[in-house]
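K.L.:
I'd like to ask you about the structure that follows.
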Amino acid sequence: MKPIMIGSKGTAKTNVDESKLAVTVGSGSLRVYATPMLSALMEEAACKAVEPYLEDEETTVGTYLELSHTAATPEGMAVYAEAEIIEVSGREVTYNITARDEAGEIGSCTHKRVQVGIDRFMQKVGNKKSNK
C-alpha cells in the first residue's frame, strides 16, 4: 500500500428505489431507505477514499461500523455519502462518513477497514470452507 493521506475523501451516490427499501430488504415494514443499504453506501464511499492508495493485488475489508441513521428517506430521492480518512494505523484505516438526501443529513458513522492482500485473504476464506 502506498502512504495514505489523512483527509482524503471518497463519495458515493444512489437513488432510492424498490430494491433499497426497508420493507424489501427485511429491515422493517416501511417504504423508506433501509439502514443496511445506507451502511453499504457508506462503505462504498470509504472504499473510494482509499482506492488510489492500493496496489493491484490489494483491497480493504470492513472491520467496524458504528452507524447512526437519523432521518428517513422516501422512495425516489437520491442519497449521497462522503467518507473522509481520519486516521491510519498500520494496515487499519479509520473514516468519518456522513450521508444526506436531497433534504439534508440522514446519518453518520465511524468506519474502519483493513488493507489485505487479495490472494492471501481469499485463500484463508477458502480454507475455512474446506475445514468445516
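Naming works like this for the C-alpha cells: A, B, ... for the chains as they're shown, residue 1 at the start of each chain, ligands 1 onward in shown order.
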Quick one: everything within 12 Å of stretch 116-132 of chain A, counting only C-alpha atoms, minus sequence neighbours fewer than 5 positions away in the same chain. Send it as a PDB file with N, CA and C atoms, in the first residue's frame.
P.N.:
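So the final result, stored in result04.pdb, reads:
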ATOM      1  N   MET A   1       0.838  -1.178   0.000  1.00  0.00           N
ATOM      2  CA  MET A   1       0.000   0.000   0.000  1.00  0.00           C
ATOM      3  C   MET A   1       0.881   1.239   0.000  1.00  0.00           C
ATOM      4  N   LEU A  54      -4.138   1.855  -3.041  1.00  0.00           N
ATOM      5  CA  LEU A  54      -3.991   0.404  -3.088  1.00  0.00           C
ATOM      6  C   LEU A  54      -3.229  -0.044  -4.320  1.00  0.00           C
ATOM      7  N   GLU A  55      -2.420  -1.071  -4.147  1.00  0.00           N
ATOM      8  CA  GLU A  55      -1.758  -1.720  -5.272  1.00  0.00           C
ATOM      9  C   GLU A  55      -2.762  -2.668  -5.929  1.00  0.00           C
ATOM     10  N   ASP A  56      -2.443  -3.166  -7.120  1.00  0.00           N
ATOM     11  CA  ASP A  56      -3.370  -4.030  -7.855  1.00  0.00           C
ATOM     12  C   ASP A  56      -3.781  -5.280  -7.088  1.00  0.00           C
ATOM     13  N   GLU A  57      -2.899  -5.823  -6.282  1.00  0.00           N
ATOM     14  CA  GLU A  57      -3.187  -7.077  -5.570  1.00  0.00           C
ATOM     15  C   GLU A  57      -3.751  -6.838  -4.166  1.00  0.00           C
ATOM     16  N   GLU A  58      -4.128  -5.602  -3.869  1.00  0.00           N
ATOM     17  CA  GLU A  58      -4.635  -5.245  -2.541  1.00  0.00           C
ATOM     18  C   GLU A  58      -6.086  -4.783  -2.603  1.00  0.00           C
ATOM     19  N   THR A  59      -6.750  -4.932  -1.461  1.00  0.00           N
ATOM     20  CA  THR A  59      -8.079  -4.379  -1.258  1.00  0.00           C
ATOM     21  C   THR A  59      -8.216  -4.078   0.230  1.00  0.00           C
ATOM     22  N   THR A  60      -9.385  -3.605   0.639  1.00  0.00           N
ATOM     23  CA  THR A  60      -9.660  -3.424   2.059  1.00  0.00           C
ATOM     24  C   THR A  60     -10.923  -4.181   2.416  1.00  0.00           C
ATOM     25  N   VAL A  61     -11.003  -4.584   3.670  1.00  0.00           N
ATOM     26  CA  VAL A  61     -12.200  -5.239   4.190  1.00  0.00           C
ATOM     27  C   VAL A  61     -12.687  -4.460   5.407  1.00  0.00           C
ATOM     28  N   GLY A  62     -13.995  -4.341   5.510  1.00  0.00           N
ATOM     29  CA  GLY A  62     -14.573  -3.635   6.650  1.00  0.00           C
ATOM     30  C   GLY A  62     -14.474  -4.463   7.910  1.00  0.00           C
ATOM     31  N   THR A  63     -14.113  -3.802   9.014  1.00  0.00           N
ATOM     32  CA  THR A  63     -13.981  -4.498  10.293  1.00  0.00           C
ATOM     33  C   THR A  63     -14.803  -3.866  11.412  1.00  0.00           C
ATOM     34  N   GLY A  90      -0.958   1.453  10.760  1.00  0.00           N
ATOM     35  CA  GLY A  90      -0.524   0.243  10.070  1.00  0.00           C
ATOM     36  C   GLY A  90      -1.420  -0.005   8.871  1.00  0.00           C
ATOM     37  N   ARG A  91      -2.072  -1.166   8.851  1.00  0.00           N
ATOM     38  CA  ARG A  91      -2.967  -1.519   7.749  1.00  0.00           C
ATOM     39  C   ARG A  91      -4.414  -1.069   7.986  1.00  0.00           C
ATOM     40  N   GLU A  92      -4.700  -0.508   9.170  1.00  0.00           N
ATOM     41  CA  GLU A  92      -6.063  -0.100   9.516  1.00  0.00           C
ATOM     42  C   GLU A  92      -6.307   1.370   9.173  1.00  0.00           C
ATOM     43  N   VAL A  93      -7.414   1.621   8.492  1.00  0.00           N
ATOM     44  CA  VAL A  93      -7.800   2.971   8.083  1.00  0.00           C
ATOM     45  C   VAL A  93      -9.140   3.301   8.742  1.00  0.00           C
TER      46      VAL A  93
END
K.L.:
Counting only C-alpha atoms, figure out which residue out of A:His111, A:Glu75, A:Ser39, A:Tyr53 gets nearest to A:Thr24.
P.N.:
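With only C-alpha atoms as the atom set, the closest residue is A:Glu75.
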K.L.:
Using Å and a single decimal, report how far atom CA of A:Pro74 sits from atom CA of A:Gly10.
P.N.:
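Distance reported for this atom pair: 24.2 Å.
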K.L.:
With only C-alpha atoms as the counted atoms, please give the residues lying no more than 12 Å from A:Lys112, apart from itself and same-chain residues fewer than 5 positions off, as a short mmCIF file (atom, residue, chain, number, x, y, z; two decimals) with N, CA and C atoms, in the first residue's frame.
P.N.:
data_model
loop_
_atom_site.label_atom_id
_atom_site.label_comp_id
_atom_site.auth_asym_id
_atom_site.auth_seq_id
_atom_site.Cartn_x
_atom_site.Cartn_y
_atom_site.Cartn_z
N MET A 42 -22.24 3.87 2.57
CA MET A 42 -21.15 4.46 3.35
C MET A 42 -19.85 3.67 3.13
N GLU A 43 -19.94 2.36 3.11
CA GLU A 43 -18.75 1.55 2.85
C GLU A 43 -18.22 1.79 1.45
N ALA A 46 -16.18 4.88 1.54
CA ALA A 46 -14.90 4.60 2.20
C ALA A 46 -13.93 3.90 1.26
N CYS A 47 -14.44 2.93 0.52
CA CYS A 47 -13.59 2.21 -0.45
C CYS A 47 -13.02 3.18 -1.48
N VAL A 50 -9.96 5.27 -0.20
CA VAL A 50 -8.67 4.59 -0.05
C VAL A 50 -8.17 3.98 -1.37
N THR A 60 -9.39 -3.61 0.64
CA THR A 60 -9.66 -3.42 2.06
C THR A 60 -10.92 -4.18 2.42
N VAL A 61 -11.00 -4.58 3.67
CA VAL A 61 -12.20 -5.24 4.19
C VAL A 61 -12.69 -4.46 5.41
N GLY A 62 -14.00 -4.34 5.51
CA GLY A 62 -14.57 -3.63 6.65
C GLY A 62 -14.47 -4.46 7.91
N THR A 63 -14.11 -3.80 9.01
CA THR A 63 -13.98 -4.50 10.29
C THR A 63 -14.80 -3.87 11.41
N TYR A 64 -15.27 -2.63 11.20
CA TYR A 64 -16.01 -1.93 12.26
C TYR A 64 -16.89 -0.87 11.63
N LEU A 65 -18.11 -0.75 12.14
CA LEU A 65 -19.04 0.26 11.66
C LEU A 65 -19.96 0.65 12.80
N GLU A 66 -19.90 1.92 13.19
CA GLU A 66 -20.81 2.45 14.21
C GLU A 66 -21.64 3.51 13.52
N LEU A 67 -22.90 3.17 13.24
CA LEU A 67 -23.74 3.97 12.36
C LEU A 67 -24.94 4.54 13.09
N ALA A 83 -17.04 10.01 2.63
CA ALA A 83 -16.13 9.43 3.62
C ALA A 83 -14.84 10.23 3.64
N GLU A 84 -14.33 10.47 4.83
CA GLU A 84 -13.04 11.14 4.99
C GLU A 84 -12.14 10.28 5.86
N ILE A 85 -10.92 10.05 5.38
CA ILE A 85 -9.95 9.29 6.16
C ILE A 85 -9.45 10.18 7.30
N ILE A 86 -9.60 9.69 8.54
CA ILE A 86 -9.20 10.50 9.70
C ILE A 86 -8.02 9.90 10.46
N GLU A 87 -7.70 8.63 10.20
CA GLU A 87 -6.58 8.01 10.91
C GLU A 87 -6.09 6.80 10.13
N VAL A 88 -4.77 6.59 10.19
CA VAL A 88 -4.17 5.39 9.61
C VAL A 88 -3.22 4.82 10.65
N SER A 89 -3.41 3.54 10.95
CA SER A 89 -2.56 2.85 11.92
C SER A 89 -2.16 1.51 11.32
N ARG A 91 -2.07 -1.17 8.85
CA ARG A 91 -2.97 -1.52 7.75
C ARG A 91 -4.41 -1.07 7.99
N GLU A 92 -4.70 -0.51 9.17
CA GLU A 92 -6.06 -0.10 9.52
C GLU A 92 -6.31 1.37 9.17
N VAL A 93 -7.41 1.62 8.49
CA VAL A 93 -7.80 2.97 8.08
C VAL A 93 -9.14 3.30 8.74
N THR A 94 -9.22 4.48 9.38
CA THR A 94 -10.45 4.91 10.05
C THR A 94 -11.05 6.10 9.30
N TYR A 95 -12.37 6.08 9.18
CA TYR A 95 -13.10 7.09 8.43
C TYR A 95 -14.21 7.71 9.27
N ASN A 96 -14.51 8.97 9.00
CA ASN A 96 -15.78 9.59 9.39
C ASN A 96 -16.59 9.68 8.11
N ILE A 97 -17.84 9.26 8.18
CA ILE A 97 -18.69 9.26 6.99
C ILE A 97 -20.02 9.93 7.33
#
K.L.:
How would you write, as a ChimeraX atom specification, the set of residues in stretch 18-120 of chain A that DSSP gives as alpha helix (DSSP H)?
P.N.:
/A:22-25,35-50,118-120
K.L.:
Using only C-alpha atoms, I'd like a table of the residues in stretch 67-91 of chain A that come within 6 Å of stretch 99-102 of chain A; for each, show the closest atom pair and its distance in Å rounded to one decimal, ordered by chain and ascending number, as a tab-separated table.
P.N.:
residue	atom	partner	partner_atom	distance
A:Ala78	CA	A:Asp101	CA	5.7
A:Val79	CA	A:Asp101	CA	4.4
A:Tyr80	CA	A:Arg100	CA	5.4
A:Ala81	CA	A:Ala99	CA	4.2
K.L.:
One decimal, in Å: what's the spacing between atom CA of A:Ile106 and atom CA of A:Thr73?
P.N.:
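Interatomic distance, atom CA of A:Ile106 to atom CA of A:Thr73: 7.7 Å.
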K.L.:
Could you check which of A:Gly76, A:Gly107, A:Ala49, A:Ser19 is closest to A:Ile6, using only C-alpha atoms?
P.N.:
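When distances to A:Ile6 are compared using only C-alpha atoms, the smallest one comes from A:Ala49.
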K.L.:
With distances taken over only C-alpha atoms, which of A:Val114, A:Met5, A:Cys109, A:Ala12 is nearest to A:Glu44?
P.N.:
A:Ala12
K.L.:
Considering only strand (DSSP E or B) as DSSP defines it on the backbone, what residues of stretch 34-132 of chain A qualify? List them as JSON, numbers by chain.
P.N.:
{"A": [58, 59, 60, 61, 62, 63, 64, 65, 66, 67, 68, 69, 74, 78, 79, 80, 81, 82, 83, 84, 85, 86, 87, 88, 89, 92, 93, 94, 95, 96, 97, 98, 99, 100, 101, 104, 105, 106, 107, 108, 109, 110, 111, 112, 113, 114, 115, 116, 117]}
K.L.:
If you measure from atom CA of A:Glu82 to atom CA of A:Gly104, what distance in Å do you get, rounded to one decimal?
P.N.:
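Rounded to one decimal, the two atoms are 13.2 Å apart.
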